[in-house]
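Below: one structure, written as structure tokens.
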Amino acid sequence: MKHKTFLWFFLPSGMAMFLFIAMPIVSVLTQSVYAPHEQVIREVENCTLFGCSKATQIDQEATRALRDAEPMGRFVGPSIYTDRNHLAFAEIAGIWRNASGLGDFFGQVTNLPFYDALSFTLTYTALVTPLSLAFGLIIALAVNALPQLFRGPVIFVSLLPMIVTPLVGALILFWMIDARGVLGAALQALAGDPGLSIKASTPLMWTMLIVYGVWSSAPFAFVIYYAGLQTVPGDTLESAMIDGASRWERIRYVILPHLLPLTTFMALIKIMDNFRVFEPIVSFSAGAHAKSLSYFIYSDLGGETRLLSSAAATSVLTIAGIIVLISPVLVRTWHAFGRVRA
Amino acid sequence: MTISLKRLFQSALFSSSLLALSAGAASASCGDIAGRVSVVGNEFPAIHTVTKAAATCANDKVTVKANLTADHQKINLPGMQGNPAEYTSAIIATSSITPLLNGNVIRPLDDLVAKFGQDIPKRQLITVNGKVVAVAFMANAQHLVYRDDVLKKIGMEPPKTYEQLLEAAEKIRAAGIMKNPVGGAYATGYNLGLEFINIYMALGGELFKDGTPTASVKNGQGVAALELMKKLTGYMNPDFLTHDSNATAAEWEAGNVALMNFWGSRTGVLMDKQGSTPEVYENTKVGAPMTIGGGKIPATTLWWDGWTVARNIPDADAAATFVAMKTGTSPAILNDATMGQAVWMIEGYKPAPVNQGVMLTMESGAKPYPMLPYMGLLHAAIGENVARYLSGKADAQTTLADIEAAYTAAAKEKGFLK
Amino acid sequence: MTTRVADRRPMILRVVMSSFLVLWLIVAAFPFLWTLWGSFKVEGDFFSKADWLNALTGPLTIAETGGSFTSSGYYGAWVQEEFWRAAMNSLTVVVCVVCISLTFGTLGGYALSRSPYRYAFWLLLISLVFRAMPPITLVSGYLLPFFEWNLWGHLPTAIIVLVAINQPFTLWMLTSFFRNIPKDLDESAMMDGCSRFQAFRHVIIPVMWPGVITTGLFSFLLAYNDFAVTAMLLSKENQTMIPKIASFLGTTQTKGNVMFAVSSVISVTAPLFLLVMFFQRQIVSGLTAGAVKG
């Protein structure tokens with residue numbers, strides 16, 4: 001395809017992404033190295049419904065001079081990335097010097113907000129991605145064995161976790177897992193412990209979030225695997241059977257390799273989605289027990305005083321984390337592309 | 001304080017007889033204005049009442065729009081930074097006005113008050129450094145809510161101090177009436193941060209080193225506040241770290257809780273007949289907020305809600321906005337349906353029994369929530385860190401040090417600290 | 001073919017598979033069925049903190065409404081709160097997003113699949129990195145410029161943003177799909193004197209529908225269920241369904257409004273049922289035809 005033709009075909013899509021994704025990424029990068037100016041504070045008297053009191057205020061006149069001199073803000077270089085609320089280099093060095101052992105070192109490091117969020121995010125990604133793919137595959141194999149008549153309704157029900165709005169889906173689940181909710185009560189009965197409460201315990205909350213993650217993303221894997229199963233070459237399967245391959249061997253040597261490219265594609269998408277996990281934490285009010293990187297950004301942006309540079313730095317670190325995680329897959333795709341071209 | 005309150009209500013009673021006359025003429029009272037009115041604010045019934053009344057000013061020269069959403073704090077600042085600003089008015093509260101002040105997006109209202117607002121009672125005007133920046137229309141505070149029947153069963157008066165509350169909680173538990181008799185909005189983040197601030201201030205703690213933006217919570221009061229919170233949570237449902245005010249209200253209505261420090265604006269929901277059994281809603285009573293350790297200051301903060309006018313808009317729009325919002329918060333909006341929606345700071349307001357708690361709080365010498373440019377940063381740092389202490393992951397000293405460190409990093413980024 | 005293989009499955013395996021499937025269907029459907037049942041109760045029952053059995057028996061529903069089921073949640077949402085306006089807005093957004101996404105995506109995806117140059121790969125790669133950006137950062141970045149240029153609050157703004165955010169996924173799906181359509185098809189058409197675009201129009205478009213329908217389904221779900229973008233970028237009168245539901249919940253929940261949210265969730269899911277039933281064959285055949293090859 002000629003360069004010019006390519007350009008015209010790609011232009012609409014490229015423009016949309018350039019304007020609404022690339023430009024914001026550039027502005028986020030800029031924002032993460034520029035911070036607001038130093039604020040000139042002065043003492044004032046404030047009067048409200050409840051009487052007058054001494055307080056402070058930003059001196060707008062004095063601050064404006066600074067702002068006009070450098071409209072971008074104050075250049076701070078990488079100092080936001082390295083401050084205590086992010087990578088915390090100085091703090092980690094301090095902990096390393098004083099820690100009594102490796103366990104103590106990691107304990108103290110995960111006490112730092114960024115590493116606390118990172119540890120949950122990585123655990124979540126590492127567990128939910130493979131589990132949801134595996135569940136999706138098993139469901140797909142089971143549905144594939146059904147008579148044609150039942151498949152429509154079964155597909156719909158299987159898609160429900162994906163299509164019910166996460167916002168309210170998680171709200172309802174939040175009530176269900178309450179110690180007095182239907183799932184919470186069921187769990188208490190199963191464990192034989194009437195004092196058991198998911199919302200009060202960090203390990204249980206992590207488990208709950210991971211179970212929810214698998215529940216809500218298995219349907220995506222299911223529908224794609226199910227489609228993939230329809231294209232398994234029949235003649236290869238039959239010749240495998242004639243060769244006396246067992247059921248398991250047929251899955252292992254024919255079906256799984258056939259589904260491998262699909263798995264790569266979904267792993268890519270799911271790693272990204274899981275690394276950005278956010279909605280369940282808010283909906284389950286799980287902030288006390290589990291924070292993710294996106295939740296971290298959300299609290300920076302959602303507070304009364306918005307920490308834009310901090311949110312920008314965390315966003316850049318999130319992108320960097322995702323690139324690191326998916327790079328093995330990308331390298332594979334790169335080689336595959338080379339083959340296609342050749 | 002007490003005297004001015006009494007005077008307010010005397011004048012309120014007096015002016016309420018004039019209401020019947022002025023209510024019918026509400027739309028005419030907007031006068032000769034022309035321009036665009038666009039309001040952003042939080043979403044709850046009292047604010048709906050205000051914006052609906054403001055919309056009566058709409059005619060062929062005036063357009064009135066309102067965007068009421070739980071996300072108002074995320075969009076009000078950018079929405080007022082453009083020129084002309086999308087929003088000509090933001091409805092805000094004690095703490096959410098500071099980002100607008102910091103961003104310099106709201107205009108001083110002195111000239112507009114002089115021209116259109118002579119009849120607004122002076123106490124409703126919020127001033128910063130002598131300049132009017134907002135007009136308040138309602139007040140709110142947290143205070144004691146208790147179950148009368150349960151306290152009678154254990155033979156105790158409503159607690160006046162947290163020590164008495166703990167004693168009552170122990171008795172209720174020992175008597176087998178309730179397993180977790182204490183409630184409270186202790187959800188990680190904003191709610192938990194506010195509870196710490198309430199208790200810390202009641203213990204006489206200062207949040208900042210005298211007038212500077214340097215945080216100082218790592219002290220005796222800080223430790224005492226954390227320890228009291230831990231004691232209280234011992235009598236709470238173990239899920240307390242996930243209980244925001246909605247979940248706390250649900251716990252109350254289910255009859256699981258007998259004592260809590262709770263928002264005045266939400267007590268109406270607890271006392272109405274919906275969602276609960278008569279045993280619960282008939283026995284729900286409110287009282288003054290509690291003090292701690294013989295101190296005078298109750299463990300609560302006073303809040304107001306008010307409206308502002310944007311800076312980056314033409315003067316005609318600003319005048320139209322001022323008049324419309326004034327109409328929206330005029331005595332004419334008060335009627336049987338709206339009276340119980342809030343503790344209105346408007347002439348003609350007659351407090352209902354549900355609002356008694358807020359009135360008592362205002363008379364109790366409670367402090368207003370600090371209106372400081374960097375307060376939001378400290379509040380957020382507290383809210384995120386106290387949970388670690390309450391769930392046993394960190395000791396008190398580490399928690400307080402973490403709060404200060406997290407705040408310092410954020411305040412450095414924002415340019416408040418070097 | 002697959003059914004023939006299935007027929008030969010041993011009994012025990014079939015039992016295990018079927019019971020697993022039944023278990024999965026219960027797990028998948030239970031929260032939805034629970035919500036469906038609960039949407040006809042009052043808030044105090046459905047969200048009971050006293051005893052979960054209340055949601056089944058509904059003592060407060062009987063006490064407050066006189067019957068064991070009430071449709072007040074539906075009435076409140078659709079009539080009193082005019083949920084249908086939000087439904088109309090959602091319809092506009094969804095139709096536009098799906099159409100524009102697919103138009104942009106098929107053109108771009110086709111070009112990427114037919115270009116022999118390395119930059120095609122890099123473009124795909126960069127678009128994937130774009131997808132790594134947390135949406136909440138993107139959305140909060142939009143706010144200030146949109147307010148300044150007076151773009152905020154309008155449906156077209158939200159539509160184009162959703163299209164852009166959705167492009168990386170659409171491009172990846174469609175590129176891999178077009179790679180599976182033999183190059184010979186369009187190249188022979190070009191031999192016969194067609195331009196590239198004519199070849200695309202006359203040869204590729206007729207055979208691309210299965211892949212497009214599947215990709216369309218994902219675009220549809222994204223636009224239909226989106227909360228982050230629509231909640232922050234749309235004004236009150238242009239609100240779509242999901243932010244409307246969120247506004248029923250709010251930070252300070254007003255009594256009864258929570259049940260509006262619950263009944264709206266049921267209302268929102270119903271059209272999806274019809275959609276999946278209607279398109280399930282196409283969805284699967286579309287995935288089969290290409291996107292699934294990675």
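Letters A, B, ... go to the chains of the structure tokens in the order shown; residues in each chain start at 1; ligands are counted from 1 in the same order.
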Exercise. Which residues in stretch 80-241 of chain C does DSSP call helix (DSSP H, G or I)? List them as an MDAnalysis selection string.
Worked result: chainID C and resid 80 83:114 118:131 135:148 155:179 183:191 196:207 209:225 228:233 236:238 241
Exercise. Could you name the residues that touch C:Tyr224 at 12 Å or less, counting only C-alpha atoms, but leaving out those on the same chain fewer than 4 positions away, as a ChimeraX atom specification?
Worked result: /A:162-166 /C:86-98,159,162,216-220,228-230,240-243,268-269,271-272
For this session: Give me, as a PyMOL selection string, the contact residues of chain A against chain C at a cut-off of 7 Å, counting only C-alpha atoms.
Result: chain A and resi 1+6+9-10+12-13+16-17+20-21+24+139+142+145+152+156-158+160-161+163-165+175+180-182+224+227-228+230-231+234+261-262+264-265+272+276+294+315+319+322+341
With C-alpha atoms retained, write the just-selected residues as a compact mmCIF listing (two decimals), in the first residue's frame.
```
# COMPACT_ATOMS: atom_id res chain seq x y z
CA MET A 1 0.00 0.00 0.00
CA PHE A 6 -2.24 4.71 3.70
CA PHE A 9 -7.15 5.62 5.11
CA PHE A 10 -5.55 6.07 8.49
CA PRO A 12 -9.62 9.85 10.61
CA SER A 13 -8.65 7.26 13.17
CA ALA A 16 -9.09 11.18 16.70
CA MET A 17 -6.38 9.43 18.68
CA PHE A 20 -7.92 13.15 22.27
CA ILE A 21 -5.24 10.77 23.50
CA PRO A 24 -3.51 14.81 26.64
CA ILE A 139 -17.04 -21.97 29.94
CA ALA A 142 -18.75 -26.31 28.04
CA ALA A 145 -20.75 -28.94 23.88
CA GLY A 152 -28.46 -18.36 22.73
CA PHE A 156 -26.73 -14.14 27.15
CA VAL A 157 -26.61 -15.23 30.79
CA SER A 158 -22.86 -15.77 30.54
CA LEU A 160 -24.46 -10.69 32.07
CA PRO A 161 -21.50 -9.97 34.39
CA ILE A 163 -22.89 -6.06 30.44
CA VAL A 164 -24.47 -5.07 33.74
CA THR A 165 -23.18 -1.60 34.54
CA TRP A 175 -24.69 -5.00 49.98
CA ARG A 180 -25.87 -9.32 57.04
CA GLY A 181 -26.19 -9.59 53.27
CA VAL A 182 -27.05 -12.77 51.44
CA ILE A 224 -13.78 -14.66 22.25
CA ALA A 227 -15.77 -17.84 18.67
CA GLY A 228 -12.27 -19.24 18.37
CA GLN A 230 -15.85 -22.48 15.99
CA THR A 231 -12.81 -22.22 13.74
CA GLY A 234 -12.24 -30.14 11.77
CA PRO A 261 -3.02 -16.07 19.18
CA LEU A 262 -6.36 -15.28 20.80
CA THR A 264 -2.09 -13.35 23.39
CA PHE A 265 -4.57 -10.73 22.26
CA MET A 272 -4.02 -3.30 30.65
CA ARG A 276 -5.93 0.11 35.78
CA SER A 294 -5.89 4.36 39.45
CA SER A 315 -0.49 8.33 35.38
CA ILE A 319 1.66 3.78 31.58
CA ILE A 322 1.82 -1.36 31.63
CA ARG A 341 5.65 -9.29 6.13
```
Enumerate, in order of chain and increasing residue number, the residues of chain B with an atom no farther than 10 Å from chain C, each with its shortest atom pair and distance in Å to one decimal, counting only C-alpha atoms, as a tab-separated table.
```
residue	atom	partner	partner_atom	distance
B:Asn42	CA	C:Thr251	CA	8.6
B:Glu43	CA	C:Gly250	CA	6.8
B:Phe44	CA	C:Thr252	CA	6.6
B:Pro45	CA	C:Thr254	CA	7.7
B:Lys65	CA	C:Lys236	CA	8.9
B:Ala66	CA	C:Lys236	CA	7.5
B:Asn67	CA	C:Lys236	CA	5.4
B:Leu68	CA	C:Lys236	CA	7.6
B:Thr69	CA	C:Ser247	CA	6.6
B:Ala70	CA	C:Gly250	CA	5.5
B:Asp71	CA	C:Met232	CA	7.6
B:His72	CA	C:Met232	CA	9.3
B:Lys74	CA	C:Ser140	CA	8.1
B:Ile75	CA	C:Leu143	CA	7.3
B:Leu77	CA	C:Leu144	CA	8.7
B:Pro78	CA	C:Leu144	CA	5.0
B:Gly79	CA	C:Phe147	CA	5.7
B:Met80	CA	C:Phe147	CA	8.1
B:Gln81	CA	C:Leu144	CA	7.4
B:Gly82	CA	C:Glu148	CA	4.3
B:Asn83	CA	C:Glu148	CA	6.4
B:Pro84	CA	C:Glu148	CA	7.8
B:Ala85	CA	C:Phe147	CA	7.4
B:Glu86	CA	C:Phe147	CA	6.4
B:Tyr87	CA	C:Phe147	CA	9.5
B:Asp244	CA	C:Thr251	CA	9.0
B:Ser245	CA	C:Thr252	CA	7.4
B:Asn246	CA	C:Gln253	CA	6.4
B:Ala247	CA	C:Lys49	CA	9.0
B:Ala249	CA	C:Gln253	CA	9.8
B:Ala250	CA	C:Lys49	CA	6.5
B:Glu251	CA	C:Lys49	CA	6.0
B:Trp252	CA	C:Lys49	CA	8.9
B:Glu253	CA	C:Lys49	CA	8.2
B:Ala254	CA	C:Ala50	CA	5.1
B:Gly255	CA	C:Ala50	CA	7.4
B:Asn256	CA	C:Ala50	CA	7.4
B:Ser265	CA	C:Thr252	CA	9.6
B:Arg266	CA	C:Thr252	CA	8.2
B:Val269	CA	C:Lys255	CA	7.3
B:Asp272	CA	C:Lys255	CA	9.9
B:Lys273	CA	C:Glu64	CA	8.6
B:Gln274	CA	C:Glu64	CA	7.3
B:Gly275	CA	C:Gly44	CA	4.2
B:Ser276	CA	C:Gly44	CA	6.7
B:Thr277	CA	C:Leu60	CA	8.1
```
Write a file of the selected residues as an mmCIF file, in the first residue's frame, keeping C-alpha atoms.
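Output saved as selection09.cif:
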```
data_model
loop_
_atom_site.group_PDB
_atom_site.id
_atom_site.type_symbol
_atom_site.label_atom_id
_atom_site.label_comp_id
_atom_site.auth_asym_id
_atom_site.auth_seq_id
_atom_site.Cartn_x
_atom_site.Cartn_y
_atom_site.Cartn_z
ATOM 1 C CA ASN B 42 -23.968 19.175 44.845
ATOM 2 C CA GLU B 43 -27.115 17.138 44.531
ATOM 3 C CA PHE B 44 -29.467 16.930 47.491
ATOM 4 C CA PRO B 45 -33.051 18.110 48.072
ATOM 5 C CA LYS B 65 -29.568 26.408 34.072
ATOM 6 C CA ALA B 66 -28.441 24.141 36.881
ATOM 7 C CA ASN B 67 -26.030 21.207 36.901
ATOM 8 C CA LEU B 68 -26.359 19.468 40.237
ATOM 9 C CA THR B 69 -24.103 16.458 40.562
ATOM 10 C CA ALA B 70 -22.112 14.551 43.145
ATOM 11 C CA ASP B 71 -19.038 15.355 41.011
ATOM 12 C CA HIS B 72 -19.522 19.105 41.382
ATOM 13 C CA LYS B 74 -14.377 18.136 40.033
ATOM 14 C CA ILE B 75 -16.053 20.418 37.513
ATOM 15 C CA LEU B 77 -13.105 24.917 39.255
ATOM 16 C CA PRO B 78 -12.396 24.187 35.552
ATOM 17 C CA GLY B 79 -15.957 25.295 34.767
ATOM 18 C CA MET B 80 -15.219 28.714 36.229
ATOM 19 C CA GLN B 81 -11.691 29.091 34.850
ATOM 20 C CA GLY B 82 -12.696 29.685 31.232
ATOM 21 C CA ASN B 83 -13.547 33.130 29.992
ATOM 22 C CA PRO B 84 -16.479 33.531 29.856
ATOM 23 C CA ALA B 85 -16.958 30.874 32.516
ATOM 24 C CA GLU B 86 -19.431 28.055 31.845
ATOM 25 C CA TYR B 87 -20.804 28.424 35.364
ATOM 26 C CA ASP B 244 -20.031 6.300 54.701
ATOM 27 C CA SER B 245 -23.004 8.358 55.820
ATOM 28 C CA ASN B 246 -25.390 6.345 53.623
ATOM 29 C CA ALA B 247 -24.319 3.038 55.120
ATOM 30 C CA ALA B 249 -27.914 5.701 58.165
ATOM 31 C CA ALA B 250 -28.872 2.220 56.940
ATOM 32 C CA GLU B 251 -27.308 0.639 60.034
ATOM 33 C CA TRP B 252 -29.328 2.996 62.193
ATOM 34 C CA GLU B 253 -32.589 2.279 60.411
ATOM 35 C CA ALA B 254 -32.014 -1.433 60.773
ATOM 36 C CA GLY B 255 -31.975 -0.876 64.540
ATOM 37 C CA ASN B 256 -28.393 -2.067 64.974
ATOM 38 C CA SER B 265 -28.874 17.159 57.538
ATOM 39 C CA ARG B 266 -29.374 13.380 57.553
ATOM 40 C CA VAL B 269 -34.156 10.464 57.046
ATOM 41 C CA ASP B 272 -39.305 9.517 58.991
ATOM 42 C CA LYS B 273 -41.488 6.484 58.624
ATOM 43 C CA GLN B 274 -39.786 5.043 55.574
ATOM 44 C CA GLY B 275 -37.245 2.252 55.683
ATOM 45 C CA SER B 276 -37.533 1.440 59.356
ATOM 46 C CA THR B 277 -39.726 0.063 62.114
#
```
For this session: Give me, as an NGL selection string, the contact residues of chain B against chain A at a cut-off of 6 Å, counting only C-alpha atoms.
Result: :B and (99 or 123-124 or 126-129 or 188 or 238-239 or 242 or 372 or 376 or 387 or 413-416)
Prev. selection, N, CA and C atoms, output as a PDB file, in the first residue's frame:
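The result, written out as out14.pdb:
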```
ATOM      1  N   PRO B  99     -10.797  25.862  47.227  1.00  0.00           N
ATOM      2  CA  PRO B  99     -10.193  25.752  45.893  1.00  0.00           C
ATOM      3  C   PRO B  99     -10.615  26.896  44.972  1.00  0.00           C
ATOM      4  N   ARG B 123     -25.464  38.453  58.601  1.00  0.00           N
ATOM      5  CA  ARG B 123     -24.788  37.237  59.048  1.00  0.00           C
ATOM      6  C   ARG B 123     -24.696  36.174  57.952  1.00  0.00           C
ATOM      7  N   GLN B 124     -25.528  36.306  56.936  1.00  0.00           N
ATOM      8  CA  GLN B 124     -25.458  35.337  55.845  1.00  0.00           C
ATOM      9  C   GLN B 124     -24.267  35.600  54.920  1.00  0.00           C
ATOM     10  N   ILE B 126     -20.619  35.758  53.814  1.00  0.00           N
ATOM     11  CA  ILE B 126     -19.331  35.175  54.195  1.00  0.00           C
ATOM     12  C   ILE B 126     -18.244  36.118  53.701  1.00  0.00           C
ATOM     13  N   THR B 127     -17.408  36.601  54.602  1.00  0.00           N
ATOM     14  CA  THR B 127     -16.370  37.528  54.161  1.00  0.00           C
ATOM     15  C   THR B 127     -14.994  36.943  54.393  1.00  0.00           C
ATOM     16  N   VAL B 128     -14.098  37.236  53.463  1.00  0.00           N
ATOM     17  CA  VAL B 128     -12.694  36.896  53.594  1.00  0.00           C
ATOM     18  C   VAL B 128     -11.938  38.199  53.467  1.00  0.00           C
ATOM     19  N   ASN B 129     -11.172  38.513  54.485  1.00  0.00           N
ATOM     20  CA  ASN B 129     -10.421  39.760  54.480  1.00  0.00           C
ATOM     21  C   ASN B 129     -11.340  40.966  54.234  1.00  0.00           C
ATOM     22  N   THR B 188     -13.009   5.154  55.154  1.00  0.00           N
ATOM     23  CA  THR B 188     -11.694   5.702  54.825  1.00  0.00           C
ATOM     24  C   THR B 188     -11.845   6.887  53.884  1.00  0.00           C
ATOM     25  N   PRO B 238     -17.812  -4.260  62.815  1.00  0.00           N
ATOM     26  CA  PRO B 238     -16.425  -4.390  62.344  1.00  0.00           C
ATOM     27  C   PRO B 238     -16.186  -3.812  60.950  1.00  0.00           C
ATOM     28  N   ASP B 239     -17.241  -3.574  60.192  1.00  0.00           N
ATOM     29  CA  ASP B 239     -17.062  -3.028  58.845  1.00  0.00           C
ATOM     30  C   ASP B 239     -16.932  -1.509  58.829  1.00  0.00           C
ATOM     31  N   THR B 242     -15.827   0.908  56.016  1.00  0.00           N
ATOM     32  CA  THR B 242     -16.535   1.044  54.738  1.00  0.00           C
ATOM     33  C   THR B 242     -17.838   1.815  54.909  1.00  0.00           C
ATOM     34  N   LEU B 372      -8.976  27.214  55.355  1.00  0.00           N
ATOM     35  CA  LEU B 372      -7.586  27.547  55.046  1.00  0.00           C
ATOM     36  C   LEU B 372      -7.250  26.992  53.664  1.00  0.00           C
ATOM     37  N   GLY B 376      -7.621  21.279  52.762  1.00  0.00           N
ATOM     38  CA  GLY B 376      -8.043  20.089  52.011  1.00  0.00           C
ATOM     39  C   GLY B 376      -6.929  19.057  51.910  1.00  0.00           C
ATOM     40  N   ALA B 387      -6.913   5.042  58.775  1.00  0.00           N
ATOM     41  CA  ALA B 387      -7.410   3.670  58.624  1.00  0.00           C
ATOM     42  C   ALA B 387      -6.337   2.639  58.964  1.00  0.00           C
ATOM     43  N   GLU B 413       4.301  20.227  46.667  1.00  0.00           N
ATOM     44  CA  GLU B 413       3.922  20.224  45.252  1.00  0.00           C
ATOM     45  C   GLU B 413       3.036  21.420  44.936  1.00  0.00           C
ATOM     46  N   LYS B 414       2.118  21.731  45.836  1.00  0.00           N
ATOM     47  CA  LYS B 414       1.180  22.823  45.589  1.00  0.00           C
ATOM     48  C   LYS B 414       1.808  24.197  45.840  1.00  0.00           C
ATOM     49  N   GLY B 415       3.044  24.218  46.351  1.00  0.00           N
ATOM     50  CA  GLY B 415       3.720  25.485  46.558  1.00  0.00           C
ATOM     51  C   GLY B 415       3.399  26.158  47.882  1.00  0.00           C
ATOM     52  N   PHE B 416       2.784  25.423  48.808  1.00  0.00           N
ATOM     53  CA  PHE B 416       2.501  26.019  50.114  1.00  0.00           C
ATOM     54  C   PHE B 416       3.714  25.922  51.041  1.00  0.00           C
TER      55      PHE B 416
END
```
Exercise. So which residues touch B:Val309 within 7 Å, counting only C-alpha atoms, skipping near sequence neighbours fewer than 5 positions away, as a ChimeraX atom specification?
Worked result: /B:88-90,106-107,318,321-322
Exercise. If we count only C-alpha atoms, what is near B:Pro368 at a cut-off of 9 Å, once residues fewer than 2 positions away on the same chain are taken out, given as a list in words?
Worked result: Thr48, Phe50 and Gly51 of chain A; Thr94, Thr300, Thr301, Leu302, Trp303, Trp304, Ala366, Pro370 and Met371 of chain B
Selection above as a file: N, CA and C atoms, as an mmCIF file, in the first residue's frame:
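The result, written out as selection.cif:
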```cif
data_model
loop_
_atom_site.group_PDB
_atom_site.id
_atom_site.type_symbol
_atom_site.label_atom_id
_atom_site.label_comp_id
_atom_site.auth_asym_id
_atom_site.auth_seq_id
_atom_site.Cartn_x
_atom_site.Cartn_y
_atom_site.Cartn_z
ATOM 1 N N THR A 48 -17.992 34.181 58.997
ATOM 2 C CA THR A 48 -19.024 33.289 58.462
ATOM 3 C C THR A 48 -20.234 33.381 59.367
ATOM 4 N N PHE A 50 -20.847 31.629 61.639
ATOM 5 C CA PHE A 50 -20.513 31.222 62.996
ATOM 6 C C PHE A 50 -19.511 32.166 63.634
ATOM 7 N N GLY A 51 -19.456 33.420 63.169
ATOM 8 C CA GLY A 51 -18.550 34.378 63.770
ATOM 9 C C GLY A 51 -17.278 34.536 62.962
ATOM 10 N N THR B 94 -18.272 25.105 53.397
ATOM 11 C CA THR B 94 -17.125 25.649 54.111
ATOM 12 C C THR B 94 -15.795 25.224 53.501
ATOM 13 N N THR B 300 -16.983 18.368 67.182
ATOM 14 C CA THR B 300 -17.703 18.505 65.921
ATOM 15 C C THR B 300 -17.237 19.786 65.246
ATOM 16 N N THR B 301 -17.618 19.989 64.012
ATOM 17 C CA THR B 301 -17.299 21.247 63.334
ATOM 18 C C THR B 301 -18.565 21.785 62.701
ATOM 19 N N LEU B 302 -18.617 23.098 62.581
ATOM 20 C CA LEU B 302 -19.784 23.748 61.987
ATOM 21 C C LEU B 302 -19.550 23.971 60.500
ATOM 22 N N TRP B 303 -20.590 23.776 59.735
ATOM 23 C CA TRP B 303 -20.488 23.896 58.277
ATOM 24 C C TRP B 303 -21.588 24.814 57.763
ATOM 25 N N TRP B 304 -21.276 25.553 56.701
ATOM 26 C CA TRP B 304 -22.337 26.288 56.026
ATOM 27 C C TRP B 304 -22.315 25.936 54.546
ATOM 28 N N ALA B 366 -19.159 25.116 69.404
ATOM 29 C CA ALA B 366 -18.385 24.325 68.450
ATOM 30 C C ALA B 366 -17.647 25.250 67.493
ATOM 31 N N PRO B 370 -12.096 24.677 59.613
ATOM 32 C CA PRO B 370 -11.127 25.698 59.207
ATOM 33 C C PRO B 370 -11.187 26.002 57.708
ATOM 34 N N MET B 371 -11.226 27.289 57.384
ATOM 35 C CA MET B 371 -11.283 27.704 55.978
ATOM 36 C C MET B 371 -9.890 28.169 55.581
#
```
For this session: Find the residues around B:Glu170 up to 12 Å (only C-alpha atoms counted), leave out those fewer than 2 positions away in its own chain, and share them as a PyMOL selection string.
Result: chain B and resi 151+154+156+163-168+172-182+231-232+234-236+258-259
Residues as selected, C-alpha atoms, written as a PDB file, in the first residue's frame, can you do that?
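That gives us part07.pdb:
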```pdb
ATOM      1  CA  LEU B 151     -30.901   4.471  76.946  1.00  0.00           C
ATOM      2  CA  ILE B 154     -29.968   0.807  80.734  1.00  0.00           C
ATOM      3  CA  MET B 156     -28.754   6.380  81.456  1.00  0.00           C
ATOM      4  CA  GLU B 163     -16.587   9.036  78.140  1.00  0.00           C
ATOM      5  CA  GLN B 164     -20.293   8.710  78.986  1.00  0.00           C
ATOM      6  CA  LEU B 165     -20.957   7.411  75.491  1.00  0.00           C
ATOM      7  CA  LEU B 166     -18.382   4.651  75.969  1.00  0.00           C
ATOM      8  CA  GLU B 167     -19.907   3.803  79.352  1.00  0.00           C
ATOM      9  CA  ALA B 168     -23.390   3.608  77.834  1.00  0.00           C
ATOM     10  CA  ILE B 172     -25.874  -1.762  76.192  1.00  0.00           C
ATOM     11  CA  ARG B 173     -23.534  -4.490  75.063  1.00  0.00           C
ATOM     12  CA  ALA B 174     -23.394  -6.074  78.521  1.00  0.00           C
ATOM     13  CA  ALA B 175     -27.192  -6.050  78.736  1.00  0.00           C
ATOM     14  CA  GLY B 176     -27.295  -7.924  75.460  1.00  0.00           C
ATOM     15  CA  ILE B 177     -29.467  -5.312  73.750  1.00  0.00           C
ATOM     16  CA  MET B 178     -27.090  -4.651  70.867  1.00  0.00           C
ATOM     17  CA  LYS B 179     -23.785  -6.166  69.897  1.00  0.00           C
ATOM     18  CA  ASN B 180     -22.328  -3.016  68.325  1.00  0.00           C
ATOM     19  CA  PRO B 181     -24.265  -0.072  69.772  1.00  0.00           C
ATOM     20  CA  VAL B 182     -22.050   2.729  68.424  1.00  0.00           C
ATOM     21  CA  LYS B 231     -11.991   2.666  71.653  1.00  0.00           C
ATOM     22  CA  LEU B 232     -15.111   3.844  69.847  1.00  0.00           C
ATOM     23  CA  GLY B 234     -14.448  -1.340  69.469  1.00  0.00           C
ATOM     24  CA  TYR B 235     -18.190  -0.822  69.863  1.00  0.00           C
ATOM     25  CA  MET B 236     -18.855  -0.445  66.144  1.00  0.00           C
ATOM     26  CA  ALA B 258     -28.107   3.253  69.525  1.00  0.00           C
ATOM     27  CA  LEU B 259     -25.529   6.053  69.710  1.00  0.00           C
TER      28      LEU B 259
END
```
